[in-house]
$ cat input24.cif   # mmCIF, C-alpha atoms
data_data
#
loop_
_atom_site.group_PDB
_atom_site.id
_atom_site.type_symbol
_atom_site.label_atom_id
_atom_site.label_comp_id
_atom_site.auth_asym_id
_atom_site.auth_seq_id
_atom_site.Cartn_x
_atom_site.Cartn_y
_atom_site.Cartn_z
ATOM 1 C CA MET E 1 12.688 -23.145 -95.805
ATOM 2 C CA THR E 2 15.156 -24.217 -93.111
ATOM 3 C CA SER E 3 15.422 -27.771 -91.838
ATOM 4 C CA PRO E 4 15.176 -28.320 -88.044
ATOM 5 C CA VAL E 5 18.104 -30.732 -88.382
ATOM 6 C CA GLY E 6 21.646 -29.363 -88.349
ATOM 7 C CA ASN E 7 24.768 -31.224 -89.443
ATOM 8 C CA HIS E 8 28.566 -31.269 -89.481
ATOM 9 C CA VAL E 9 28.864 -32.470 -93.068
ATOM 10 C CA ARG E 10 30.907 -29.496 -94.286
ATOM 11 C CA ARG E 11 33.409 -29.787 -91.408
ATOM 12 C CA LEU E 12 33.682 -33.556 -91.802
ATOM 13 C CA ARG E 13 34.343 -33.198 -95.516
ATOM 14 C CA PHE E 14 37.280 -30.922 -94.809
ATOM 15 C CA GLU E 15 38.551 -33.245 -92.084
ATOM 16 C CA HIS E 16 38.504 -36.079 -94.604
ATOM 17 C CA GLY E 17 41.099 -34.753 -97.031
ATOM 18 C CA GLU E 18 39.009 -31.759 -98.119
ATOM 19 C CA MET E 19 36.611 -34.076 -99.880
ATOM 20 C CA SER E 20 34.645 -32.178 -102.504
ATOM 21 C CA GLN E 21 30.851 -31.973 -102.442
ATOM 22 C CA ASP E 22 30.718 -33.875 -105.722
ATOM 23 C CA ALA E 23 32.994 -36.635 -104.399
ATOM 24 C CA LEU E 24 30.786 -37.102 -101.336
ATOM 25 C CA ALA E 25 27.676 -37.018 -103.506
ATOM 26 C CA ARG E 26 29.071 -39.751 -105.736
ATOM 27 C CA ARG E 27 30.077 -41.878 -102.732
ATOM 28 C CA VAL E 28 26.525 -41.876 -101.377
ATOM 29 C CA GLY E 29 24.777 -41.893 -104.764
ATOM 30 C CA ILE E 30 23.095 -38.483 -104.742
ATOM 31 C CA THR E 31 23.552 -35.162 -106.580
ATOM 32 C CA ARG E 32 25.996 -32.433 -105.602
ATOM 33 C CA GLN E 33 23.049 -30.054 -105.305
ATOM 34 C CA THR E 34 21.558 -32.208 -102.550
ATOM 35 C CA ILE E 35 24.819 -32.116 -100.588
ATOM 36 C CA VAL E 36 24.746 -28.314 -100.973
ATOM 37 C CA ALA E 37 21.137 -28.238 -99.716
ATOM 38 C CA ILE E 38 21.973 -30.486 -96.741
ATOM 39 C CA GLU E 39 25.027 -28.420 -95.761
ATOM 40 C CA GLY E 40 23.002 -25.238 -96.092
ATOM 41 C CA GLY E 41 20.342 -26.670 -93.764
ATOM 42 C CA ARG E 42 17.645 -26.468 -96.427
ATOM 43 C CA TYR E 43 17.092 -30.213 -96.697
ATOM 44 C CA ALA E 44 16.909 -32.917 -94.052
ATOM 45 C CA PRO E 45 17.971 -36.256 -95.535
ATOM 46 C CA SER E 46 16.090 -39.511 -95.012
ATOM 47 C CA LEU E 47 17.374 -41.844 -92.318
ATOM 48 C CA GLU E 48 18.929 -44.107 -94.961
ATOM 49 C CA LEU E 49 20.789 -41.235 -96.641
ATOM 50 C CA ALA E 50 21.901 -39.846 -93.271
ATOM 51 C CA MET E 51 23.314 -43.281 -92.391
ATOM 52 C CA ARG E 52 25.120 -43.526 -95.710
ATOM 53 C CA ILE E 53 26.685 -40.073 -95.255
ATOM 54 C CA ALA E 54 27.725 -40.911 -91.687
ATOM 55 C CA GLN E 55 29.221 -44.193 -92.913
ATOM 56 C CA VAL E 56 31.471 -42.361 -95.403
ATOM 57 C CA PHE E 57 32.993 -40.445 -92.471
ATOM 58 C CA GLY E 58 33.148 -43.550 -90.258
ATOM 59 C CA ARG E 59 30.790 -41.951 -87.733
ATOM 60 C CA GLY E 60 27.373 -42.612 -86.289
ATOM 61 C CA VAL E 61 24.362 -40.630 -87.482
ATOM 62 C CA ASP E 62 24.248 -38.737 -84.155
ATOM 63 C CA ASP E 63 27.809 -37.507 -84.715
ATOM 64 C CA VAL E 64 26.873 -35.982 -88.067
ATOM 65 C CA PHE E 65 23.267 -34.854 -87.636
ATOM 66 C CA PHE E 66 21.630 -33.149 -84.649
ATOM 67 C CA TRP E 67 18.481 -31.274 -83.706
ATOM 68 C CA LEU E 68 18.821 -27.509 -83.935
ATOM 69 C CA GLU E 69 15.775 -27.294 -81.725
ATOM 70 C CA PRO E 70 14.285 -30.582 -80.463
ATOM 71 C CA PRO E 71 10.541 -30.918 -81.043
ATOM 72 C CA ARG E 72 8.572 -30.257 -77.830
ATOM 73 C CA ASP E 73 5.905 -32.896 -78.375
ATOM 74 C CA VAL E 74 8.228 -35.943 -78.260
ATOM 75 C CA MET Y 75 12.695 -14.618 -113.987
ATOM 76 C CA ARG Y 76 14.587 -16.978 -116.293
ATOM 77 C CA ILE Y 77 11.720 -19.465 -116.055
ATOM 78 C CA VAL Y 78 9.186 -16.848 -117.190
ATOM 79 C CA LEU Y 79 11.512 -15.694 -119.972
ATOM 80 C CA VAL Y 80 12.004 -19.229 -121.334
ATOM 81 C CA LEU Y 81 8.251 -19.833 -121.108
ATOM 82 C CA LEU Y 82 7.359 -16.626 -122.964
ATOM 83 C CA LEU Y 83 10.007 -17.140 -125.650
ATOM 84 C CA SER Y 84 8.953 -20.758 -126.202
ATOM 85 C CA LEU Y 85 5.263 -19.838 -126.373
ATOM 86 C CA ALA Y 86 6.013 -17.006 -128.798
ATOM 87 C CA PHE Y 87 8.164 -19.315 -130.922
ATOM 88 C CA GLY Y 88 5.497 -22.032 -131.084
ATOM 89 C CA ALA Y 89 2.727 -19.597 -131.985
ATOM 90 C CA GLY Y 90 5.031 -17.710 -134.351
ATOM 91 C CA LEU Y 91 5.473 -20.858 -136.438
ATOM 92 C CA ILE Y 92 1.818 -20.561 -137.474
ATOM 93 C CA VAL Y 93 1.945 -16.797 -138.062
ATOM 94 C CA SER Y 94 5.101 -16.929 -140.188
ATOM 95 C CA ALA Y 95 4.414 -20.297 -141.854
ATOM 96 C CA GLU Y 96 4.195 -18.946 -145.392
ATOM 97 C CA GLY Y 97 7.534 -17.143 -145.219
ATOM 98 C CA LEU Y 98 9.470 -20.261 -144.194
ATOM 99 C CA PRO Y 99 11.506 -22.300 -146.706
ATOM 100 C CA VAL Y 100 10.345 -25.615 -145.163
ATOM 101 C CA ARG Y 101 7.283 -26.846 -143.275
ATOM 102 C CA PRO Y 102 6.918 -24.941 -139.972
ATOM 103 C CA GLY Y 103 7.075 -28.188 -137.994
ATOM 104 C CA LEU Y 104 10.398 -29.117 -139.561
ATOM 105 C CA PHE Y 105 11.756 -25.584 -139.079
ATOM 106 C CA GLY Y 106 10.661 -25.561 -135.438
ATOM 107 C CA ALA Y 107 12.069 -29.021 -134.732
ATOM 108 C CA GLY Y 108 15.372 -28.013 -136.359
ATOM 109 C CA LEU Y 109 15.661 -24.921 -134.184
ATOM 110 C CA MET Y 110 14.796 -26.946 -131.066
ATOM 111 C CA VAL Y 111 17.626 -29.355 -131.877
ATOM 112 C CA LEU Y 112 20.049 -26.446 -132.435
ATOM 113 C CA ALA Y 113 18.959 -24.866 -129.141
ATOM 114 C CA ALA Y 114 19.514 -28.212 -127.389
ATOM 115 C CA LEU Y 115 23.019 -28.497 -128.858
ATOM 116 C CA ALA Y 116 23.855 -24.940 -127.706
ATOM 117 C CA THR Y 117 22.419 -25.660 -124.243
ATOM 118 C CA ARG Y 118 24.405 -28.897 -123.930
ATOM 119 C CA ARG Y 119 27.587 -26.982 -124.875
ATOM 120 C CA ARG Y 120 26.853 -24.296 -122.264
ATOM 121 C CA TRP Y 121 26.207 -26.879 -119.530
ATOM 122 C CA LEU Y 122 29.432 -28.648 -120.480
ATOM 123 C CA LEU Y 123 31.365 -25.381 -120.016
ATOM 124 C CA LEU Y 124 29.666 -24.713 -116.668
ATOM 125 C CA ALA Y 125 30.965 -28.088 -115.360
ATOM 126 C CA ASP Y 126 30.161 -28.287 -111.622
ATOM 127 C CA ALA Y 127 27.947 -25.200 -111.755
ATOM 128 C CA ALA Y 128 25.710 -26.824 -114.392
ATOM 129 C CA PRO Y 129 22.239 -27.921 -113.315
ATOM 130 C CA GLY Y 130 21.726 -31.511 -112.141
ATOM 131 C CA SER Y 131 20.198 -34.288 -114.257
ATOM 132 C CA PRO Y 132 16.525 -33.732 -113.322
ATOM 133 C CA GLU Y 133 16.822 -29.957 -113.737
ATOM 134 C CA ARG Y 134 18.294 -30.369 -117.222
ATOM 135 C CA ALA Y 135 15.429 -32.643 -118.241
ATOM 136 C CA LEU Y 136 12.955 -30.126 -116.800
ATOM 137 C CA TRP Y 137 14.388 -27.176 -118.746
ATOM 138 C CA ILE Y 138 14.227 -29.045 -122.049
ATOM 139 C CA GLY Y 139 10.799 -30.502 -121.283
ATOM 140 C CA PHE Y 140 9.495 -27.102 -120.186
ATOM 141 C CA ALA Y 141 10.619 -25.301 -123.359
ATOM 142 C CA GLY Y 142 9.608 -28.176 -125.669
ATOM 143 C CA THR Y 143 6.147 -28.534 -124.132
ATOM 144 C CA ALA Y 144 5.599 -24.760 -124.354
ATOM 145 C CA VAL Y 145 6.528 -24.727 -128.056
ATOM 146 C CA VAL Y 146 4.227 -27.661 -128.891
ATOM 147 C CA ALA Y 147 1.347 -26.303 -126.770
ATOM 148 C CA ALA Y 148 1.604 -22.791 -128.234
ATOM 149 C CA HIS Y 149 1.665 -24.234 -131.758
ATOM 150 C CA LEU Y 150 -1.415 -26.351 -131.035
ATOM 151 C CA PHE Y 151 -3.205 -23.378 -129.479
ATOM 152 C CA ALA Y 152 -2.367 -21.176 -132.474
ATOM 153 C CA VAL Y 153 -3.635 -23.917 -134.822
ATOM 154 C CA MET Y 154 -6.920 -24.047 -132.915
ATOM 155 C CA LEU Y 155 -7.287 -20.257 -133.087
ATOM 156 C CA ARG Y 156 -6.565 -20.290 -136.799
ATOM 157 C CA ILE Y 157 -8.987 -23.114 -137.602
ATOM 158 C CA GLY Y 158 -11.704 -21.697 -135.361
ATOM 159 C CA PRO Y 159 -14.182 -23.505 -133.134
ATOM 160 C CA ASN Y 160 -15.448 -25.845 -135.817
ATOM 161 C CA LEU Y 161 -12.353 -28.038 -136.143
ATOM 162 C CA VAL Y 162 -13.060 -31.048 -138.355
ATOM 163 C CA MET Y 163 -10.657 -33.968 -138.423
ATOM 164 C CA HIS Y 164 -9.149 -35.574 -141.534
ATOM 165 C CA THR Y 165 -9.005 -32.671 -143.945
ATOM 166 C CA PRO Y 166 -5.782 -31.982 -145.905
ATOM 167 C CA GLU Y 167 -5.168 -28.733 -143.963
ATOM 168 C CA ILE Y 168 -5.686 -30.381 -140.569
ATOM 169 C CA HIS Y 169 -3.460 -33.281 -141.573
ATOM 170 C CA ALA Y 170 -0.659 -30.869 -142.558
ATOM 171 C CA LEU Y 171 -0.993 -28.931 -139.281
ATOM 172 C CA GLY Y 172 -1.150 -32.187 -137.319
ATOM 173 C CA ILE Y 173 2.030 -33.439 -138.976
ATOM 174 C CA ASP Y 174 3.681 -30.095 -138.094
ATOM 175 C CA ASN Y 175 2.663 -30.509 -134.456
ATOM 176 C CA TRP Y 176 3.888 -34.103 -134.271
ATOM 177 C CA THR Y 177 7.147 -33.045 -135.956
ATOM 178 C CA LEU Y 178 7.563 -30.508 -133.145
ATOM 179 C CA VAL Y 179 6.930 -33.290 -130.611
ATOM 180 C CA ALA Y 180 9.661 -35.346 -132.320
ATOM 181 C CA GLY Y 181 11.962 -32.297 -132.189
ATOM 182 C CA ALA Y 182 11.279 -31.888 -128.472
ATOM 183 C CA VAL Y 183 12.066 -35.571 -127.825
ATOM 184 C CA LEU Y 184 15.289 -35.297 -129.849
ATOM 185 C CA ALA Y 185 16.246 -32.085 -127.999
ATOM 186 C CA HIS Y 186 15.647 -33.889 -124.695
ATOM 187 C CA TRP Y 187 17.928 -36.717 -125.788
ATOM 188 C CA ILE Y 188 20.663 -34.306 -126.930
ATOM 189 C CA ALA Y 189 20.697 -32.144 -123.784
ATOM 190 C CA ARG Y 190 20.244 -34.938 -121.246
ATOM 191 C CA ASP Y 191 22.881 -35.504 -118.601
ATOM 192 C CA PRO Y 192 25.318 -38.145 -119.921
ATOM 193 C CA GLU Y 193 25.691 -39.430 -116.356
ATOM 194 C CA PRO Y 194 22.168 -39.094 -114.975
ATOM 195 C CA ARG Y 195 21.865 -38.867 -111.194
ATOM 196 C CA GLN Y 196 18.804 -38.110 -109.133
ATOM 197 C CA ASP Y 197 17.975 -38.688 -105.524
ATOM 198 C CA GLU Y 198 15.383 -38.351 -102.783
ATOM 199 C CA ARG Y 199 15.490 -34.530 -102.814
ATOM 200 C CA ASP Y 200 14.647 -34.542 -106.526
ATOM 201 C CA ALA Y 201 11.811 -36.975 -105.775
ATOM 202 C CA ALA Y 202 10.501 -34.645 -103.042
ATOM 203 C CA ILE Y 203 10.617 -31.678 -105.432
ATOM 204 C CA ALA Y 204 8.865 -33.787 -108.089
ATOM 205 C CA VAL Y 205 6.057 -34.568 -105.634
ATOM 206 C CA ALA Y 206 5.582 -30.834 -104.963
ATOM 207 C CA GLY Y 207 5.514 -30.142 -108.708
ATOM 208 C CA LEU Y 208 3.010 -32.913 -109.376
ATOM 209 C CA ARG Y 209 0.778 -31.625 -106.586
ATOM 210 C CA ALA Y 210 0.809 -28.109 -108.109
ATOM 211 C CA ALA Y 211 0.119 -29.591 -111.552
ATOM 212 C CA HIS Y 212 -2.748 -31.680 -110.158
ATOM 213 C CA TYR Y 213 -4.516 -28.665 -108.653
ATOM 214 C CA GLY Y 214 -3.711 -26.580 -111.733
ATOM 215 C CA LEU Y 215 -5.290 -29.214 -113.973
ATOM 216 C CA LEU Y 216 -8.372 -29.365 -111.749
ATOM 217 C CA ALA Y 217 -8.725 -25.567 -111.968
ATOM 218 C CA ILE Y 218 -8.372 -25.557 -115.756
ATOM 219 C CA LEU Y 219 -10.862 -28.441 -116.141
ATOM 220 C CA ALA Y 220 -13.327 -26.672 -113.849
ATOM 221 C CA LEU Y 221 -13.092 -23.563 -116.047
ATOM 222 C CA GLN Y 222 -13.571 -25.668 -119.187
ATOM 223 C CA ILE Y 223 -16.558 -27.484 -117.687
ATOM 224 C CA LEU Y 224 -18.177 -24.211 -116.595
ATOM 225 C CA ALA Y 225 -17.540 -22.630 -119.999
ATOM 226 C CA LEU Y 226 -18.988 -25.625 -121.858
ATOM 227 C CA GLY Y 227 -21.959 -25.839 -119.526
ATOM 228 C CA TYR Y 228 -22.935 -22.189 -119.184
ATOM 229 C CA VAL Y 229 -21.608 -20.234 -122.189
ATOM 230 C CA ARG Y 230 -24.141 -20.319 -124.992
ATOM 231 C CA GLY Y 231 -23.395 -19.217 -128.508
ATOM 232 C CA GLY Y 232 -20.219 -17.459 -129.630
ATOM 233 C CA TRP Y 233 -16.901 -19.240 -129.882
ATOM 234 C CA VAL Y 234 -17.463 -21.649 -126.989
ATOM 235 C CA GLY Y 235 -20.964 -22.620 -128.105
ATOM 236 C CA ALA Y 236 -19.711 -23.463 -131.595
ATOM 237 C CA LEU Y 237 -16.890 -25.777 -130.435
ATOM 238 C CA SER Y 238 -16.889 -29.101 -132.266
ATOM 239 C CA HIS Y 239 -16.051 -32.355 -130.491
ATOM 240 C CA PRO Y 240 -12.506 -32.468 -131.969
ATOM 241 C CA SER Y 241 -12.008 -28.865 -130.758
ATOM 242 C CA ILE Y 242 -13.064 -29.827 -127.241
ATOM 243 C CA ALA Y 243 -10.768 -32.868 -127.372
ATOM 244 C CA HIS Y 244 -7.848 -30.654 -128.374
ATOM 245 C CA ALA Y 245 -8.716 -28.196 -125.602
ATOM 246 C CA LEU Y 246 -8.402 -31.114 -123.165
ATOM 247 C CA ILE Y 247 -4.994 -31.970 -124.638
ATOM 248 C CA LEU Y 248 -3.992 -28.334 -124.068
ATOM 249 C CA ALA Y 249 -5.193 -28.577 -120.455
ATOM 250 C CA VAL Y 250 -2.935 -31.598 -119.894
ATOM 251 C CA MET Y 251 -0.003 -29.741 -121.505
ATOM 252 C CA ALA Y 252 -0.697 -26.742 -119.272
ATOM 253 C CA SER Y 253 -0.499 -29.015 -116.224
ATOM 254 C CA VAL Y 254 2.874 -30.316 -117.454
ATOM 255 C CA LEU Y 255 4.062 -26.699 -117.727
ATOM 256 C CA ILE Y 256 2.850 -26.010 -114.181
ATOM 257 C CA ASP Y 257 4.700 -29.096 -112.908
ATOM 258 C CA HIS Y 258 7.959 -28.245 -114.693
ATOM 259 C CA GLY Y 259 7.726 -24.521 -113.850
ATOM 260 C CA TRP Y 260 7.088 -25.259 -110.178
ATOM 261 C CA ARG Y 261 9.991 -27.684 -109.925
ATOM 262 C CA LEU Y 262 12.357 -25.344 -111.784
ATOM 263 C CA HIS Y 263 11.339 -22.582 -109.376
ATOM 264 C CA ARG Y 264 12.281 -24.812 -106.422
ATOM 265 C CA TYR Y 265 15.672 -25.600 -107.975
ATOM 266 C CA ALA Y 266 16.231 -21.913 -108.817
ATOM 267 C CA ARG Y 267 15.410 -20.925 -105.236
ATOM 268 C CA ASP Y 268 17.977 -23.405 -103.891
ATOM 269 C CA ALA Y 269 20.582 -22.252 -106.419
ATOM 270 C CA ALA Y 270 20.012 -18.606 -105.433
ATOM 271 C CA VAL Y 271 20.568 -19.435 -101.753
ATOM 272 C CA GLU Y 272 23.699 -21.426 -102.666
ATOM 273 C CA ALA Y 273 25.060 -18.485 -104.677
ATOM 274 C CA SER Y 274 24.468 -16.095 -101.779
ATOM 275 C CA GLU Y 275 26.294 -18.312 -99.248
#
$ encode --input "input24.cif" --output "structure tokens"
Amino acid sequence: MTSPVGNHVRRLRFEHGEMSQDALARRVGITRQTIVAIEGGRYAPSLELAMRIAQVFGRGVDDVFFWLEPPRDV
Amino acid sequence: MRIVLVLLLSLAFGAGLIVSAEGLPVRPGLFGAGLMVLAALATRRRWLLLADAAPGSPERALWIGFAGTAVVAAHLFAVMLRIGPNLVMHTPEIHALGIDNWTLVAGAVLAHWIARDPEPRQDERDAAIAVAGLRAAHYGLLAILALQILALGYVRGGWVGALSHPSIAHALILAVMASVLIDHGWRLHRYARDAAVEASE
């Protein structure tokens, strides 16, 4: 099951001192497995979680998350 | 595969406590609870060694709950088979078997406490997986209850026709335990699927 939302989380982690998945997970209060699922495109986070992840990298949500294929009916 | 293996082993262990009761040095409930605690200690040690590769907090609780529930349910089912359809409450034999079953429940609770994540963390993805598991358990329970209702309503005579009220009540308890197994099994399958994808990346 692939999420329609892509992200740059893996790249941003490495750009921020090669932050580990567990370190990021702890910063935003989730499990390492969820970070793995998000990076692998198997889970699309809620808006709140997306904002918290973006905040860790000092970016906006749009800089971290993006549509892989925008929905046609919007 | 691992989920099915743990389920089968736990069911066999729970039922085996009734079959091998007379050869045990202590009450089967106490023996079973002791082994559950030992298994929990071994599991906790293994998860400690796995460090980052160990399952997350909810998955750990699910594994222990899954195995513990299977042991208790299989023991209860084996008790019901042994007693037969005419189960009568408050006899010395039923009391002894009941105490065994509750001792197993206590063992499962203790095992859960031993193997729990010392720093529990769960998040929205775990909640989403839990919702999927509960939905599967809900429909599973409905299916089991429908079968029980049809059996009670349409099967005359034989084992089903001779079921006493306490037997029917215990069959309902088993149905609830089966739904817990469906919930835990479903959620563990979701976690296992994610872990398999992670390992292949």
$ interface_residues --input "input24.cif" --of "chain Y" --to "chain E" --cutoff "7 Å" --atoms "all atoms listed in the file" --output "number ranges by chain"
Y: 130, 195-197, 199
$ residues_near_point --input "input24.cif" --point "(25.3, -27.2, -125.0)" --cutoff "12 Å" --atoms "only C-alpha atoms" --output "compact mmCIF listing (two decimals) with C-alpha atoms, in the frame of the given file"
# COMPACT_ATOMS: atom_id res chain seq x y z
CA VAL Y 111 17.63 -29.36 -131.88
CA LEU Y 112 20.05 -26.45 -132.44
CA ALA Y 113 18.96 -24.87 -129.14
CA ALA Y 114 19.51 -28.21 -127.39
CA LEU Y 115 23.02 -28.50 -128.86
CA ALA Y 116 23.86 -24.94 -127.71
CA THR Y 117 22.42 -25.66 -124.24
CA ARG Y 118 24.40 -28.90 -123.93
CA ARG Y 119 27.59 -26.98 -124.88
CA ARG Y 120 26.85 -24.30 -122.26
CA TRP Y 121 26.21 -26.88 -119.53
CA LEU Y 122 29.43 -28.65 -120.48
CA LEU Y 123 31.36 -25.38 -120.02
CA LEU Y 124 29.67 -24.71 -116.67
CA ALA Y 125 30.96 -28.09 -115.36
CA ALA Y 128 25.71 -26.82 -114.39
CA ARG Y 134 18.29 -30.37 -117.22
CA ILE Y 138 14.23 -29.04 -122.05
CA ALA Y 185 16.25 -32.08 -128.00
CA HIS Y 186 15.65 -33.89 -124.70
CA ILE Y 188 20.66 -34.31 -126.93
CA ALA Y 189 20.70 -32.14 -123.78
CA ARG Y 190 20.24 -34.94 -121.25
CA ASP Y 191 22.88 -35.50 -118.60
$ closest_residue --input "input24.cif" --among "E:Leu47, E:Gly41, E:Asp73, E:Met19" --to "E:Val61" --atoms "all atoms listed in the file"
E:Leu47
$ axis_aligned_box --input "input24.cif" --around "stretch 54-71 of chain E" --padding-each-side "8 Å" --output "JSON"
{"center_x": 21.8, "center_y": -35.7, "center_z": -87.9, "size_x": 38.6, "size_y": 32.9, "size_z": 30.9}
$ closest_residue --input "input24.cif" --among "E:Pro70, E:Val64, E:Leu24, E:Glu48" --to "E:Val9" --atoms "all atoms listed in the file"
E:Val64
$ residues_around --input "input24.cif" --residues "Y:Ala180" --least-positions-apart "4" --cutoff "12 Å" --atoms "only C-alpha atoms" --output "ChimeraX atom specification"
/Y:103-104,106-108,110-111,142-143,145-146,173-176,184-187
$ residues_around --input "input24.cif" --residues "Y:Leu91" --least-positions-apart "5" --cutoff "9 Å" --atoms "all atoms listed in the file" --output "VMD selection string"
chain Y and resid 86 98 102 to 103 105 to 106 149 152
$ residues_near_point --input "input24.cif" --point "(-11.2, -25.4, -125.7)" --cutoff "9 Å" --atoms "all atoms listed in the file" --output "count of residues only"
15
$ residues_around --input "input24.cif" --residues "Y:Arg264" --least-positions-apart "6" --cutoff "12 Å" --atoms "only C-alpha atoms" --output "number ranges by chain"
E: 1, 37, 42; Y: 77, 133, 136, 199-200, 202-207, 257-258, 270-271
$ atom_distance --input "input24.cif" --atom1 "atom CA of E:Arg27" --atom2 "atom CA of E:Val56"
7.5 Å
$ closest_residue --input "input24.cif" --among "E:Phe57, E:Arg52, E:Leu68, E:Val5" --to "E:Gly17" --atoms "only C-alpha atoms"
E:Phe57
$ build_atoms --input "input24.cif" --residues "stretch 178-193 of chain Y" --atoms "N, CA and C atoms" --output "PDB file, in the frame of the given file"
ATOM      1  N   LEU Y 178       7.044 -31.278-134.288  1.00  0.00           N
ATOM      2  CA  LEU Y 178       7.563 -30.508-133.145  1.00  0.00           C
ATOM      3  C   LEU Y 178       7.747 -31.415-131.920  1.00  0.00           C
ATOM      4  N   VAL Y 179       6.800 -32.332-131.732  1.00  0.00           N
ATOM      5  CA  VAL Y 179       6.930 -33.290-130.611  1.00  0.00           C
ATOM      6  C   VAL Y 179       8.212 -34.107-130.794  1.00  0.00           C
ATOM      7  N   ALA Y 180       8.450 -34.569-132.043  1.00  0.00           N
ATOM      8  CA  ALA Y 180       9.661 -35.346-132.320  1.00  0.00           C
ATOM      9  C   ALA Y 180      10.902 -34.490-132.059  1.00  0.00           C
ATOM     10  N   GLY Y 181      10.845 -33.208-132.438  1.00  0.00           N
ATOM     11  CA  GLY Y 181      11.962 -32.297-132.189  1.00  0.00           C
ATOM     12  C   GLY Y 181      12.219 -32.130-130.700  1.00  0.00           C
ATOM     13  N   ALA Y 182      11.140 -32.050-129.930  1.00  0.00           N
ATOM     14  CA  ALA Y 182      11.279 -31.888-128.472  1.00  0.00           C
ATOM     15  C   ALA Y 182      11.910 -33.139-127.857  1.00  0.00           C
ATOM     16  N   VAL Y 183      11.501 -34.311-128.343  1.00  0.00           N
ATOM     17  CA  VAL Y 183      12.066 -35.571-127.825  1.00  0.00           C
ATOM     18  C   VAL Y 183      13.553 -35.649-128.163  1.00  0.00           C
ATOM     19  N   LEU Y 184      13.887 -35.275-129.411  1.00  0.00           N
ATOM     20  CA  LEU Y 184      15.289 -35.297-129.849  1.00  0.00           C
ATOM     21  C   LEU Y 184      16.115 -34.295-129.034  1.00  0.00           C
ATOM     22  N   ALA Y 185      15.549 -33.109-128.799  1.00  0.00           N
ATOM     23  CA  ALA Y 185      16.246 -32.085-127.999  1.00  0.00           C
ATOM     24  C   ALA Y 185      16.497 -32.606-126.586  1.00  0.00           C
ATOM     25  N   HIS Y 186      15.509 -33.306-126.034  1.00  0.00           N
ATOM     26  CA  HIS Y 186      15.647 -33.889-124.695  1.00  0.00           C
ATOM     27  C   HIS Y 186      16.793 -34.891-124.668  1.00  0.00           C
ATOM     28  N   TRP Y 187      16.881 -35.700-125.702  1.00  0.00           N
ATOM     29  CA  TRP Y 187      17.928 -36.717-125.788  1.00  0.00           C
ATOM     30  C   TRP Y 187      19.308 -36.064-125.925  1.00  0.00           C
ATOM     31  N   ILE Y 188      19.375 -34.989-126.704  1.00  0.00           N
ATOM     32  CA  ILE Y 188      20.663 -34.306-126.930  1.00  0.00           C
ATOM     33  C   ILE Y 188      21.169 -33.641-125.640  1.00  0.00           C
ATOM     34  N   ALA Y 189      20.266 -32.954-124.930  1.00  0.00           N
ATOM     35  CA  ALA Y 189      20.697 -32.144-123.784  1.00  0.00           C
ATOM     36  C   ALA Y 189      20.687 -32.903-122.465  1.00  0.00           C
ATOM     37  N   ARG Y 190      20.331 -34.183-122.501  1.00  0.00           N
ATOM     38  CA  ARG Y 190      20.244 -34.938-121.246  1.00  0.00           C
ATOM     39  C   ARG Y 190      21.626 -35.060-120.607  1.00  0.00           C
ATOM     40  N   ASP Y 191      21.624 -35.303-119.317  1.00  0.00           N
ATOM     41  CA  ASP Y 191      22.881 -35.504-118.601  1.00  0.00           C
ATOM     42  C   ASP Y 191      23.469 -36.848-119.027  1.00  0.00           C
ATOM     43  N   PRO Y 192      24.726 -36.859-119.505  1.00  0.00           N
ATOM     44  CA  PRO Y 192      25.318 -38.145-119.921  1.00  0.00           C
ATOM     45  C   PRO Y 192      25.490 -39.121-118.753  1.00  0.00           C
ATOM     46  N   GLU Y 193      25.595 -38.569-117.541  1.00  0.00           N
ATOM     47  CA  GLU Y 193      25.691 -39.430-116.356  1.00  0.00           C
ATOM     48  C   GLU Y 193      24.536 -39.077-115.423  1.00  0.00           C
TER      49      GLU Y 193
END
